[in-house]
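A.B. asks: Could you have a look at this structure, given as structure tokens, before my questions?
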Amino acid sequence: MSQNESLLKRLQEGSVLCAEGYIFELERRGYVKAGAFVPEVLLEHPEVVRQLHHEFVRAGSDVTLALTYYAHREKLKAIGRENDLEAMNRAALKIASEVAKETGTLFAGDICNTSAYDVNNKAASDEEVRRQYTEQLQWAVDAGVDFVLAETLEYVGEALVALEVIKKHNLPAVINFASNLEKTKDDYDLVEACKILKDNRADVVGFNCSRGPAAMLPLLKRLREAVVGPISALPVAYRTSPANPSFQSLKNSDGQPAYTLGLDEFLCTRKEMADFAAEAQKLGVSFIGICCGAGPHHVRAMAEALGRTVLASKYSPDMSQHYLVGSADYAKKHEEQFIDHFAGK
Ligand SMILES: [Zn+2]
């Protein structure tokens with residue numbers, strides 16, 4: 001069985017967990033500059049990217065996704081590194097491919113919103129976006145990806161071009177929309193947008209980024225009723241609400257916009273992410289994941305909520321062993337040891 005078949009087969013048989021959100025995590029670790037959020041780390045500290053992939057896989061991710069998010073021409077132009085476009089993409093693909101091989105996970109290519117799509121100039125921007133995706137996907141195909149995740153898409157038009165280019169290579173396509181509104185930027189209801197992509201041969205459709213668990217679940221319910229086949233959900237690990245559905249709309253306690261540097265105040269607990277994974281599975285979502293804000297502790301909790309034991313489960317919490325909040329026996333024993341210590345025993 002080829003790996004290509006294995007994504008779709010795995011989705012038929014159960015769930016696939018996909019951890020991403022690398023850019024935010026690498027920014028927190030001091031390897032990506034907040035603002036442009038371009039993954040220059042790929043060229044400057046590739047070992048850090050490799051380690052993060054390993055941490056997410058160890059925590060339960062079934063997918064190693066190449067960090068080519070925001071490694072596209074428009075973003076690189078903004079920081080004057082357009083000439084590094086190919087080197088950055090190839091580095092991301094090489095690292096992810098090696099980690100996928102080492103860990104037996106699926107190797108996925110990644111394309112995203114290009115920032116070049118203009119709904120008022122559809123023909124020309126279709127052409128420009130097609131050129132960018134064609135270039136990026138050729139590198140992904142050269143690296144041997146098992147499937148492609150096209151994500152954080154804001155326009156049906158742009159998503160259709162992404163799908164067309166992925167399908168030229170006969171690869172499985174997971175197409176995810178992100179929106180802080182109920183509609184795409186070209187005015188399609190988000191569920192309707194997914195349906196259009198599904199009707200055009202997308203293998204998996206759904207949402208990533210922007211919304212946290214509570215604001216994504218109602219959309220997933222509607223999506224499950226609207227399309228047949230596998231659907232996907234990768235919320236941000238931030239506590240958004242129906243009143244403030246996207247992390248871009250959150251405000252800190254001082255009234256200032258939380259996006260992006262104040263988002264810590266809204267970070268989901270591992271239990272909240274675990275509850276989301278269980279709830280999504282119950283709704284019939286089979287491609288389940290996590291986007292911006294993700295840490296390995298979230299991923300492990302989600303994997304365990306899906307009934308798995310993963311490598312990092314070796315160190316899953318057992319708070320009964322804690323000297324303050326643990327079991328009465330354990331606390332008593334600790335206290336006795338403490339008294340003995342000071343009594344010189
Ligand atoms: Zn995200």
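By convention in this document, the chains of the structure tokens carry letters A, B, ... by their order, each chain's residues are numbered from 1, and ligands are numbered from 1 in the order they are shown.
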Would you pick out the contacts of range 139-143 of chain A at 12 Å or less, using only C-alpha atoms, so that residues sharing its chain but fewer than 2 positions from it are not included, and give the list as a PyMOL selection string?
C.D. replies: chain A and resi 65-68+85-98+100-101+107-111+132-137+145-149+165-171
A.B. asks: Produce as a ChimeraX atom specification the set of residues near ligand 1, where near means within 7 Å with only C-alpha atoms and all ligand atoms considered.
C.D. replies: /A:21,208-210,236,291-292
A.B. asks: List every residue of range 58-260 of chain A that DSSP, applied to the backbone, labels as alpha helix (DSSP H), and write the result as a PyMOL selection string.
C.D. replies: chain A and resi 58+73-78+85-103+122-143+156-168+190-199+213-226
A.B. asks: Excluding same-chain residues fewer than 2 positions from Phe287 in chain A, what lies within 7 Å of it counting only C-alpha atoms, as a PyMOL selection string?
C.D. replies: chain A and resi 15-17+231-233+285+289
A.B. asks: How would the residues just chosen look if you wrote them out with C-alpha atoms as a short mmCIF file (atom, residue, chain, number, x, y, z; two decimals), in the first residue's frame?
C.D. replies:
```
data_model
loop_
_atom_site.label_atom_id
_atom_site.label_comp_id
_atom_site.auth_asym_id
_atom_site.auth_seq_id
_atom_site.Cartn_x
_atom_site.Cartn_y
_atom_site.Cartn_z
CA SER A 15 -8.87 9.28 13.06
CA VAL A 16 -5.67 10.96 11.96
CA LEU A 17 -4.12 13.42 14.39
CA ILE A 231 -13.77 16.30 7.40
CA SER A 232 -11.03 18.13 9.25
CA ALA A 233 -10.68 20.48 12.19
CA VAL A 285 -14.49 14.55 12.35
CA GLY A 289 -5.55 18.56 14.88
#
```
A.B. asks: I'd like the contact shell of range 294-297 of chain A - 7 Å cut-off, only C-alpha atoms, skipping same-chain residues fewer than 4 positions apart - returned as a list in words.
C.D. replies: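 Contacts, with the query itself left out: Glu20, Gly21, Glu25, Glu55, Phe56, Ala59, Ala237, Arg270, Ile290 and Ala301 of chain A.
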A.B. asks: Please list as a list in words every residue within 7 Å of Val174 in chain A, counting only C-alpha atoms and excluding residues in the same chain fewer than 4 positions away.
C.D. replies: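 These residues fall inside the cut-off: Val148, Leu149, Ala150, Ala202, Asp203, Val204 and Val205 of chain A.
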A.B. asks: Between CA of Lys271 in chain A and CA of Leu52 in chain A, what is the distance, to one decimal in Å?
C.D. replies: 21.4 Å
A.B. asks: For Ser246 in chain A, which residue among A:Met216, A:Ala277, A:Val129, A:Leu324 is the nearest when counting only C-alpha atoms?
C.D. replies: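 Looking at the shortest contact to Ser246 in chain A, the residue is A:Met216.
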A.B. asks: Just checking: using only C-alpha atoms, which residue out of A:Leu283, A:Ala278, A:Cys112, A:Leu7 ends up closest to Thr152 in chain A?
C.D. replies: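 Residue with the minimum atom-to-atom distance to Thr152 in chain A: A:Cys112.
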A.B. asks: Determine, counting only C-alpha atoms, which protein, DNA and RNA residues have an atom within 8 Å of an atom of Leu217 in chain A; residues of the same chain fewer than 4 positions away are not included. Present the result as a list of chain:residue names.
C.D. replies: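 Neighbouring residues, sequence-local ones excluded: A:Pro213, A:Lys221, A:Ala280.
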